[in-house]
Amino acid sequence: MTNTTVFTLQTLADLVGGRVVGNGSTECVEARPLQEAAVGHITLLDDPKRIAQVARSQAAAVVVEQPVAEATTPQLVVSDIHAAFAQIIRQFRPDIDDVFQGISDQARISPQAEIGEHCTIHPGVHIGAGAKIGSGTTLMPGVVIMPHCRVGSDCHLFPNVVLYPYSVLEDRVVIHVGSVIGAYGFGYRQEGGRHIRTAQLGYVHIESDVELGAAVTVDRGTYGTTRIGTGTKVDNQVMIAHNCQIGRHNLICSQVGVAGSCSTGDYVVMAGQVGLKDHVRLGDGAIVGAQAGVMEDLSGGEVYLGSPATSQRDQMQIMAVQRRLPEMRKSLQRLVRQVEKLAARVEQAEQAEQTKQDDRDSRAA
Amino acid sequence: MTNTTVFTLQTLADLVGGRVVGNGSTECVEARPLQEAAVGHITLLDDPKRIAQVARSQAAAVVVEQPVAEATTPQLVVSDIHAAFAQIIRQFRPDIDDVFQGISDQARISPQAEIGEHCTIHPGVHIGAGAKIGSGTTLMPGVVIMPHCRVGSDCHLFPNVVLYPYSVLEDRVVIHVGSVIGAYGFGYRQEGGRHIRTAQLGYVHIESDVELGAAVTVDRGTYGTTRIGTGTKVDNQVMIAHNCQIGRHNLICSQVGVAGSCSTGDYVVMAGQVGLKDHVRLGDGAIVGAQAGVMEDLSGGEVYLGSPATSQRDQMQIMAVQRRLPEMRKSLQRLVRQVEKLAARVEQAEQAEQTKQDDRDSRAA
Amino acid sequence: MTNTTVFTLQTLADLVGGRVVGNGSTECVEARPLQEAAVGHITLLDDPKRIAQVARSQAAAVVVEQPVAEATTPQLVVSDIHAAFAQIIRQFRPDIDDVFQGISDQARISPQAEIGEHCTIHPGVHIGAGAKIGSGTTLMPGVVIMPHCRVGSDCHLFPNVVLYPYSVLEDRVVIHVGSVIGAYGFGYRQEGGRHIRTAQLGYVHIESDVELGAAVTVDRGTYGTTRIGTGTKVDNQVMIAHNCQIGRHNLICSQVGVAGSCSTGDYVVMAGQVGLKDHVRLGDGAIVGAQAGVMEDLSGGEVYLGSPATSQRDQMQIMAVQRRLPEMRKSLQRLVRQVEKLAARVEQAEQAEQTKQDDRDSRAA
């Protein structure tokens with residue numbers, strides 16, 4: 001990526017309220033983290049031990065918390081280096097929320113829909129009858145809001161997000177590209193050898209401050225809601241099935257699959273690729289490790305691993321033994337042979353004793 | 001979700017052919033399952049033991065199969081409670097198929113495409129040259145039908161479904177948002193250190209009455225078809241790779257991955273997050289449990305678990321032992337020590353005996 | 001799929017530079033692989049042992065490398081049968097790149113975007129301000145290029161691919177339907193009980209000759225890049241998290257999940273459903289088997305299996321023993337009993353000896 005924007009170090013220092021150590025007229029053409037820094041870049045030193053790496057990178061300047069005496073690179077000294085570096089990056093790659101504003105006449109909005117004030121509705125958006133969009137909400141190209149949905153205020157739906165009918169989003173909900181809210185649950189009954197879809201009459205209710213990643217799917221409830229609680233954050237490619245009741249402030253990492261009618265408490269964490277069997281309940285603050293398979297209710301405040309998932313303590317012991325299974329097997333086989341030999345020796349001793357006893361008996365007779 | 005529609009209990013009873021026990025003029029403003037029922041709602045009692053929960057919910061009315069004597073909530077008595085409750089829900093959240101009808105002039109349809117009668121083609125649909133769409137089929141916004149596809153009658157493609165060229169759908173196929181039919185298979189050969197894509201000249205053939213969830217991907221065959229058999233149902237985020245031949249009336253749950261050239265018989269079930277190695281065959285009625293990894297052909301009519309997947313019976317035994325591995329290891333270590341001590345005692349006894357024998361021998365000499 | 005195109009065998013032989021053995025005027029209406037071949041089809045014999053299958057298929061003709069004496073089906077003899085058969089298939093299912101050309105006036109292209117020569121930009125494409133599209137690149141319907149992206153030459157973006165701002169694609173990059181480049185990484189810090197999104201200011205950089213499948217998600221870097229190296233191929237539904245640095249010529253199979261800040265060398269292979277913990281490094285040429293869970297750095301040039309992933313050799317031994325766990329447990333239980341009995345016998349013998357000794361002692365006294 002080439003970028004022709006140029007800032008002097010002094011300009012950037014003024015911007016973030018820092019001070020320059022070295023040449024303030026040094027020109028910076030890009031801002032990059034240390035492992036990617038090169039000639040002309042301003043970079044970030046978040047660990048003073050890496051100062052040698054700054055010099056090697058040939059970066060033009062470096063943001064530091066404390067001046068580094070041995071540094072040969074001009075420094076920008078500032079107390080909150082992450083906030084400052086973020087602000088500097090935004091100079092080189094400015095935010096783009098202001099590129100489009102207002103309601104596009106190339107959006108297809110039902111006359112029976114209600115749109116709040118200060119919304120940004122891009123071209124190529126579809127909004128169905130009976131839908132209500134709260135104030136300050138942004139809908140990007142390809143978003144489809146089917147009839148009777150309610151979207152709150154200050155939501156941001158990235159391109160190609162689709163809400164099935166009657167979906168409810170509260171305020172400040174962010175949904176990334178291509179996520180699908182309210183598709184039919186996977187429920188069938190067999191009739192004459194064919195699978196007949198059962199009732200799919202519910203909807204999805206997403207509470208305030210939830211963020212969903214890209215390509216997430218949340219299926220509607222059977223009769224009522226599938227719910228995601230306030231403040232919960234969901235990573236890309238997660239599947240949440242029908243009737244689930246996800247608690248508040250959960251963190252659900254990528255590729256997790258939650259089967260139907262599961263529920264979680266608050267502050268639950270699921271790491272990548274975790275799977276939950278249907279109707280499982282996770283208690284407040286439960287943490288489930290990557291790739292675990294949860295087959296039964298797990299109480300809160302604990303860490304769980306493995307498939308089937310058990311407490312971290314038990315699972316760590318099991319895994320430690322598993323690594324030693326080949327050695328255990330050899331040990332067991334050796335032991336079988338030892339015991340056999342030992343048994344033979346005992347047998348022999350007993351027979352010898354018996355023979356002697358028989359001798360004594362016959363002599364006594 | 002607020003809803004201003006109001007029905008009296010008697011109106012709802014008349015609608016579903018049921019009878020009222022209690023006050024027929026009770027007003028219902030929403031229909032909800034029991035765990036979500038609140039003031040003003042009509043709810044469903046599918047288990048008579050939960051009658052106390054109905055009272056606690058303060059629901060306005062309850063649908064029951066048999067009148068419950070001790071109930072304080074007005075009751076709607078009807079023989080098929082699920083069918084009746086579904087019908088009632090539809091009063092509060094009516095179906096929306098009728099919102100848009102006909103062929104939008106904002107759809108981009110090739111003049112070389114053929115569109116059957118009574119189709120609903122939304123704005124923002126793309127249909128390529130040589131494509132044929134059967135009668136009564138609905139294509140929602142953002143659907144892309146690439147050239148030479150054949151779509152049967154009464155199909156329903158939700159928004160952003162994409163069919164690559166030459167895809168074939170038979171009749172009554174339902175595909176949810178964002179699913180991708182006919183992308184290239186993942187096949188490469190190495191040449192001079194680079195991966196060169198192999199032939200991707202086949203297509204996908206989906207038989208009648210198949211339903212695919214959201215974000216499903218089905219890759220085209222190499223030369224011929226990737227096929228999904230009649231009546232098979234596929235959940236969200238499933239991946240079916242090139243050349244697979246999926247049988248009829250299968251149930252494939254969310255996040256399953258089927259590698260290239262696999263085949264399944266009829267009535268096969270794969271639970272969530274199952275993976276199949278390429279070229280694997282599952283027999284009729286095989287059931288594969290969640291997160292299992294199938295590494296070889298499995299015969300039909302059986303349940304399989306684990307990774308690598310084996311019969312449920314074997315796997316349950318393996319898993320039972322796995323939980324006891326730490327205990328087994330301790331038992332083994334204890335046994336090693338016991339056998340050592342025992343061997344020492346036998347050794348000692350033998351030596352004592354030998355000493356006595358030597359004494360006897362020397363005395364006899 | 002019905003297809004009314006008809007070619008004589010001689011026409012097809014002329015096309016591919018082959019020769020006919022049998023009746024050159026045989027009519028072919030479709031080209032299919034052997035397992036799908038039927039009346040009227042030309043098929044492919046890639047294994048001479050299957051010649052009987054050709055006859056059973058009633059195919060009209062067969063492409064062979066060497067004439068098969070016992071064949072009753074007309075033959076098309078050609079040295080490179082796969083290249084020839086691919087060329088023949090293309091006669092029946094011609095490529096469709098030529099269906100649309102040029103820049104659609106129904107694409108929404110910012111006046112501040114730069115479009116190279118010979119691009120194909122379909123209707124329904126969105127290109128933001130400051131974006132640059134290289135020559136010869138194709139963007140299909142529903143593609144959204146957000147502001148300041150750079151797309152190289154001869155790229156092909158299938159429908160509904162979305163690039164977030166500042167994404168960079170080099171040349172000849174192919175991305176299949178619905179893949180999402182540059183969504184926010186899954187990074188939050190807790191503040192007063194709420195998860196606050198951390199800086200998401202980086203972008204995605206995809207080098208030349210990369211191919212991404214459908215529904216792939218690649219998240220942006222925190223400050224800098226998430227990078228995918230030259231020539232790497234990625235299958236459907238793969239997740240690559242923020243800050244990852246994927247090497248060159250990797251093969252990443254379907255449903256793999258790579259957590260944040262991982263890096264891979266060149267020619268790394270990950271099979272289906274593999275998961276990588278964050279910050280893990282895979283060395284050049286490392287191969288990770290299906291469903292494996294990588295928890296720590298793995299050196300290159302080796303095969304790894306299992307979760308947690310270990311070397312194939314170790315894992316194969318562990319898995320071999322796991323299958324025998326029930327038997328091992330029984331063996332161990334049997335051994336415990338044997339040792340108990342043996343101990344009892346030794347005890348008895350020792351006591352008997354002691355009794356005798358006591359007798360001798362008392363007699364001697």
# chains A, B, ... in the order shown; residues from 1 in each chain; ligands from 1
call {"tool": "select_by_dssp", "arguments": {"residues": "stretch 50-127 of chain B", "states": "helix (DSSP H, G or I)", "output": "JSON, numbers by chain"}}
result
{"B": [50, 51, 52, 53, 54, 55, 56, 57, 81, 82, 83, 84, 85, 86, 87, 88, 89, 90, 91, 92]}
call {"tool": "interface_residues", "arguments": {"of": "chain C", "to": "chain A", "cutoff": "8 Å", "atoms": "only C-alpha atoms", "output": "JSON, numbers by chain"}}
result
{"C": [124, 126, 128, 129, 142, 144, 147, 150, 160, 162, 165, 166, 168, 178, 180, 183, 184, 186, 193, 194, 195, 199, 201, 215, 217, 223, 224, 237, 239, 257, 259, 275, 277, 293, 317, 318, 321, 322, 328, 332, 335, 338, 339, 342, 345, 346, 349]}
call {"tool": "atom_distance", "arguments": {"atom1": "atom CA of A:Thr11", "atom2": "atom CA of A:Gln91"}}
result
10.7 Å
call {"tool": "atom_distance", "arguments": {"atom1": "atom CA of B:Ser263", "atom2": "atom CA of B:Val238"}}
result
15.3 Å
call {"tool": "residues_around", "arguments": {"residues": "C:Ala69", "least_positions_apart": "4", "cutoff": "12 Å", "atoms": "only C-alpha atoms", "output": "PyMOL selection string"}}
result
chain C and resi 21-22+48+51-52+64+73-75
call {"tool": "write_last_selection", "arguments": {"atoms": "C-alpha atoms", "output": "tab-separated table (two decimals), in the first residue's frame"}}
result
chain	number	residue	atom	x	y	z
C	21	VAL	CA	-11.26	-45.84	-32.89
C	22	GLY	CA	-14.76	-46.90	-33.93
C	48	PRO	CA	-7.96	-49.15	-18.01
C	51	ILE	CA	-13.30	-50.68	-19.19
C	52	ALA	CA	-16.22	-52.98	-18.25
C	64	VAL	CA	-8.71	-43.15	-23.60
C	73	THR	CA	-17.64	-48.34	-27.11
C	74	PRO	CA	-16.19	-45.96	-29.72
C	75	GLN	CA	-12.92	-44.49	-28.43
call {"tool": "atom_distance", "arguments": {"atom1": "atom CA of B:His242", "atom2": "atom CA of B:His205"}}
result
11.4 Å
call {"tool": "select_by_dssp", "arguments": {"residues": "stretch 150-336 of chain B", "states": "strand (DSSP E)", "output": "ChimeraX atom specification"}}
result
/B:150-151,156-157,162-163,168-169,174-175,180-183,188-191,194-197,203-206,211-212,217-219,225-228,233-234,239-240,245-246,251-252,257-258,263-264,269-270,275-276,281-282,287-288,293-294,303-305,310-311
call {"tool": "decode", "arguments": {"residues": "stretch 39-86 of chain B", "atoms": "N, CA and C atoms", "output": "PDB file, in the first residue's frame"}}
result
ATOM      1  N   VAL B  39     -47.511 -10.750  31.186  1.00  0.00           N
ATOM      2  CA  VAL B  39     -48.845 -10.143  31.254  1.00  0.00           C
ATOM      3  C   VAL B  39     -49.407  -9.869  29.854  1.00  0.00           C
ATOM      4  N   GLY B  40     -50.630 -10.321  29.612  1.00  0.00           N
ATOM      5  CA  GLY B  40     -51.290 -10.037  28.336  1.00  0.00           C
ATOM      6  C   GLY B  40     -51.036 -11.073  27.256  1.00  0.00           C
ATOM      7  N   HIS B  41     -50.152 -12.045  27.532  1.00  0.00           N
ATOM      8  CA  HIS B  41     -49.800 -13.036  26.504  1.00  0.00           C
ATOM      9  C   HIS B  41     -50.721 -14.260  26.579  1.00  0.00           C
ATOM     10  N   ILE B  42     -50.977 -14.858  25.430  1.00  0.00           N
ATOM     11  CA  ILE B  42     -51.525 -16.209  25.418  1.00  0.00           C
ATOM     12  C   ILE B  42     -50.342 -17.157  25.258  1.00  0.00           C
ATOM     13  N   THR B  43     -50.367 -18.238  26.039  1.00  0.00           N
ATOM     14  CA  THR B  43     -49.225 -19.146  26.029  1.00  0.00           C
ATOM     15  C   THR B  43     -49.695 -20.584  25.832  1.00  0.00           C
ATOM     16  N   LEU B  44     -48.742 -21.514  25.891  1.00  0.00           N
ATOM     17  CA  LEU B  44     -48.995 -22.908  25.539  1.00  0.00           C
ATOM     18  C   LEU B  44     -48.587 -23.805  26.697  1.00  0.00           C
ATOM     19  N   LEU B  45     -49.468 -24.708  27.100  1.00  0.00           N
ATOM     20  CA  LEU B  45     -49.127 -25.681  28.137  1.00  0.00           C
ATOM     21  C   LEU B  45     -48.933 -27.042  27.471  1.00  0.00           C
ATOM     22  N   ASP B  46     -47.658 -27.409  27.211  1.00  0.00           N
ATOM     23  CA  ASP B  46     -47.472 -28.704  26.546  1.00  0.00           C
ATOM     24  C   ASP B  46     -47.148 -29.798  27.558  1.00  0.00           C
ATOM     25  N   ASP B  47     -47.060 -29.439  28.813  1.00  0.00           N
ATOM     26  CA  ASP B  47     -46.814 -30.420  29.867  1.00  0.00           C
ATOM     27  C   ASP B  47     -47.673 -30.013  31.071  1.00  0.00           C
ATOM     28  N   PRO B  48     -48.780 -30.765  31.368  1.00  0.00           N
ATOM     29  CA  PRO B  48     -49.726 -30.350  32.413  1.00  0.00           C
ATOM     30  C   PRO B  48     -49.070 -30.073  33.748  1.00  0.00           C
ATOM     31  N   LYS B  49     -47.888 -30.698  33.989  1.00  0.00           N
ATOM     32  CA  LYS B  49     -47.211 -30.483  35.276  1.00  0.00           C
ATOM     33  C   LYS B  49     -46.783 -29.025  35.464  1.00  0.00           C
ATOM     34  N   ARG B  50     -46.710 -28.307  34.342  1.00  0.00           N
ATOM     35  CA  ARG B  50     -46.215 -26.932  34.449  1.00  0.00           C
ATOM     36  C   ARG B  50     -47.327 -25.910  34.683  1.00  0.00           C
ATOM     37  N   ILE B  51     -48.490 -26.353  35.113  1.00  0.00           N
ATOM     38  CA  ILE B  51     -49.623 -25.435  35.231  1.00  0.00           C
ATOM     39  C   ILE B  51     -49.317 -24.298  36.212  1.00  0.00           C
ATOM     40  N   ALA B  52     -48.504 -24.585  37.242  1.00  0.00           N
ATOM     41  CA  ALA B  52     -48.160 -23.542  38.221  1.00  0.00           C
ATOM     42  C   ALA B  52     -47.362 -22.423  37.547  1.00  0.00           C
ATOM     43  N   GLN B  53     -46.530 -22.838  36.550  1.00  0.00           N
ATOM     44  CA  GLN B  53     -45.703 -21.852  35.830  1.00  0.00           C
ATOM     45  C   GLN B  53     -46.589 -20.888  35.041  1.00  0.00           C
ATOM     46  N   VAL B  54     -47.727 -21.394  34.544  1.00  0.00           N
ATOM     47  CA  VAL B  54     -48.659 -20.533  33.815  1.00  0.00           C
ATOM     48  C   VAL B  54     -49.174 -19.427  34.734  1.00  0.00           C
ATOM     49  N   ALA B  55     -49.583 -19.824  35.952  1.00  0.00           N
ATOM     50  CA  ALA B  55     -50.108 -18.837  36.908  1.00  0.00           C
ATOM     51  C   ALA B  55     -49.031 -17.801  37.228  1.00  0.00           C
ATOM     52  N   ARG B  56     -47.807 -18.303  37.513  1.00  0.00           N
ATOM     53  CA  ARG B  56     -46.707 -17.396  37.854  1.00  0.00           C
ATOM     54  C   ARG B  56     -46.412 -16.408  36.731  1.00  0.00           C
ATOM     55  N   SER B  57     -46.601 -16.848  35.486  1.00  0.00           N
ATOM     56  CA  SER B  57     -46.249 -16.007  34.332  1.00  0.00           C
ATOM     57  C   SER B  57     -47.193 -14.814  34.174  1.00  0.00           C
ATOM     58  N   GLN B  58     -48.338 -14.856  34.835  1.00  0.00           N
ATOM     59  CA  GLN B  58     -49.367 -13.818  34.696  1.00  0.00           C
ATOM     60  C   GLN B  58     -49.891 -13.721  33.264  1.00  0.00           C
ATOM     61  N   ALA B  59     -49.718 -14.803  32.484  1.00  0.00           N
ATOM     62  CA  ALA B  59     -50.244 -14.836  31.119  1.00  0.00           C
ATOM     63  C   ALA B  59     -51.756 -14.618  31.152  1.00  0.00           C
ATOM     64  N   ALA B  60     -52.281 -14.056  30.068  1.00  0.00           N
ATOM     65  CA  ALA B  60     -53.712 -13.767  30.006  1.00  0.00           C
ATOM     66  C   ALA B  60     -54.526 -15.031  29.754  1.00  0.00           C
ATOM     67  N   ALA B  61     -53.935 -15.973  29.008  1.00  0.00           N
ATOM     68  CA  ALA B  61     -54.667 -17.187  28.638  1.00  0.00           C
ATOM     69  C   ALA B  61     -53.667 -18.276  28.288  1.00  0.00           C
ATOM     70  N   VAL B  62     -54.176 -19.526  28.245  1.00  0.00           N
ATOM     71  CA  VAL B  62     -53.283 -20.642  27.968  1.00  0.00           C
ATOM     72  C   VAL B  62     -53.994 -21.672  27.082  1.00  0.00           C
ATOM     73  N   VAL B  63     -53.272 -22.176  26.088  1.00  0.00           N
ATOM     74  CA  VAL B  63     -53.778 -23.216  25.203  1.00  0.00           C
ATOM     75  C   VAL B  63     -53.477 -24.571  25.847  1.00  0.00           C
ATOM     76  N   VAL B  64     -54.523 -25.383  26.023  1.00  0.00           N
ATOM     77  CA  VAL B  64     -54.338 -26.682  26.679  1.00  0.00           C
ATOM     78  C   VAL B  64     -55.038 -27.780  25.877  1.00  0.00           C
ATOM     79  N   GLU B  65     -54.555 -29.012  26.067  1.00  0.00           N
ATOM     80  CA  GLU B  65     -55.169 -30.144  25.367  1.00  0.00           C
ATOM     81  C   GLU B  65     -56.393 -30.628  26.144  1.00  0.00           C
ATOM     82  N   GLN B  66     -56.268 -30.634  27.488  1.00  0.00           N
ATOM     83  CA  GLN B  66     -57.365 -30.999  28.381  1.00  0.00           C
ATOM     84  C   GLN B  66     -57.541 -29.871  29.383  1.00  0.00           C
ATOM     85  N   PRO B  67     -58.791 -29.542  29.736  1.00  0.00           N
ATOM     86  CA  PRO B  67     -58.972 -28.498  30.740  1.00  0.00           C
ATOM     87  C   PRO B  67     -58.243 -28.868  32.028  1.00  0.00           C
ATOM     88  N   VAL B  68     -57.577 -27.906  32.625  1.00  0.00           N
ATOM     89  CA  VAL B  68     -56.871 -28.150  33.877  1.00  0.00           C
ATOM     90  C   VAL B  68     -57.710 -27.554  34.999  1.00  0.00           C
ATOM     91  N   ALA B  69     -58.211 -28.451  35.877  1.00  0.00           N
ATOM     92  CA  ALA B  69     -59.178 -28.034  36.902  1.00  0.00           C
ATOM     93  C   ALA B  69     -58.630 -26.918  37.783  1.00  0.00           C
ATOM     94  N   GLU B  70     -57.364 -27.081  38.198  1.00  0.00           N
ATOM     95  CA  GLU B  70     -56.811 -26.136  39.163  1.00  0.00           C
ATOM     96  C   GLU B  70     -56.297 -24.833  38.527  1.00  0.00           C
ATOM     97  N   ALA B  71     -56.471 -24.706  37.204  1.00  0.00           N
ATOM     98  CA  ALA B  71     -55.940 -23.510  36.542  1.00  0.00           C
ATOM     99  C   ALA B  71     -56.758 -22.276  36.909  1.00  0.00           C
ATOM    100  N   THR B  72     -56.048 -21.153  37.143  1.00  0.00           N
ATOM    101  CA  THR B  72     -56.731 -19.889  37.419  1.00  0.00           C
ATOM    102  C   THR B  72     -56.739 -19.006  36.176  1.00  0.00           C
ATOM    103  N   THR B  73     -55.970 -19.405  35.177  1.00  0.00           N
ATOM    104  CA  THR B  73     -55.852 -18.645  33.922  1.00  0.00           C
ATOM    105  C   THR B  73     -56.916 -19.152  32.943  1.00  0.00           C
ATOM    106  N   PRO B  74     -57.592 -18.256  32.225  1.00  0.00           N
ATOM    107  CA  PRO B  74     -58.534 -18.710  31.197  1.00  0.00           C
ATOM    108  C   PRO B  74     -57.857 -19.662  30.211  1.00  0.00           C
ATOM    109  N   GLN B  75     -58.584 -20.712  29.792  1.00  0.00           N
ATOM    110  CA  GLN B  75     -57.991 -21.747  28.953  1.00  0.00           C
ATOM    111  C   GLN B  75     -58.675 -21.835  27.592  1.00  0.00           C
ATOM    112  N   LEU B  76     -57.847 -22.145  26.591  1.00  0.00           N
ATOM    113  CA  LEU B  76     -58.365 -22.449  25.260  1.00  0.00           C
ATOM    114  C   LEU B  76     -58.081 -23.929  25.038  1.00  0.00           C
ATOM    115  N   VAL B  77     -59.152 -24.739  25.018  1.00  0.00           N
ATOM    116  CA  VAL B  77     -58.986 -26.192  24.925  1.00  0.00           C
ATOM    117  C   VAL B  77     -59.111 -26.615  23.471  1.00  0.00           C
ATOM    118  N   VAL B  78     -58.116 -27.358  22.986  1.00  0.00           N
ATOM    119  CA  VAL B  78     -58.078 -27.755  21.579  1.00  0.00           C
ATOM    120  C   VAL B  78     -57.264 -29.038  21.474  1.00  0.00           C
ATOM    121  N   SER B  79     -57.583 -29.908  20.509  1.00  0.00           N
ATOM    122  CA  SER B  79     -56.917 -31.219  20.494  1.00  0.00           C
ATOM    123  C   SER B  79     -55.456 -31.121  20.038  1.00  0.00           C
ATOM    124  N   ASP B  80     -55.187 -30.432  18.937  1.00  0.00           N
ATOM    125  CA  ASP B  80     -53.787 -30.327  18.484  1.00  0.00           C
ATOM    126  C   ASP B  80     -53.244 -28.974  18.926  1.00  0.00           C
ATOM    127  N   ILE B  81     -52.655 -28.951  20.125  1.00  0.00           N
ATOM    128  CA  ILE B  81     -52.256 -27.663  20.702  1.00  0.00           C
ATOM    129  C   ILE B  81     -51.141 -26.983  19.907  1.00  0.00           C
ATOM    130  N   HIS B  82     -50.240 -27.777  19.309  1.00  0.00           N
ATOM    131  CA  HIS B  82     -49.131 -27.152  18.585  1.00  0.00           C
ATOM    132  C   HIS B  82     -49.619 -26.489  17.300  1.00  0.00           C
ATOM    133  N   ALA B  83     -50.467 -27.183  16.568  1.00  0.00           N
ATOM    134  CA  ALA B  83     -51.021 -26.590  15.338  1.00  0.00           C
ATOM    135  C   ALA B  83     -51.821 -25.334  15.679  1.00  0.00           C
ATOM    136  N   ALA B  84     -52.613 -25.419  16.776  1.00  0.00           N
ATOM    137  CA  ALA B  84     -53.440 -24.270  17.168  1.00  0.00           C
ATOM    138  C   ALA B  84     -52.564 -23.092  17.587  1.00  0.00           C
ATOM    139  N   PHE B  85     -51.539 -23.371  18.392  1.00  0.00           N
ATOM    140  CA  PHE B  85     -50.690 -22.288  18.881  1.00  0.00           C
ATOM    141  C   PHE B  85     -49.935 -21.626  17.725  1.00  0.00           C
ATOM    142  N   ALA B  86     -49.487 -22.450  16.765  1.00  0.00           N
ATOM    143  CA  ALA B  86     -48.816 -21.894  15.573  1.00  0.00           C
ATOM    144  C   ALA B  86     -49.757 -20.951  14.830  1.00  0.00           C
TER     145      ALA B  86
END
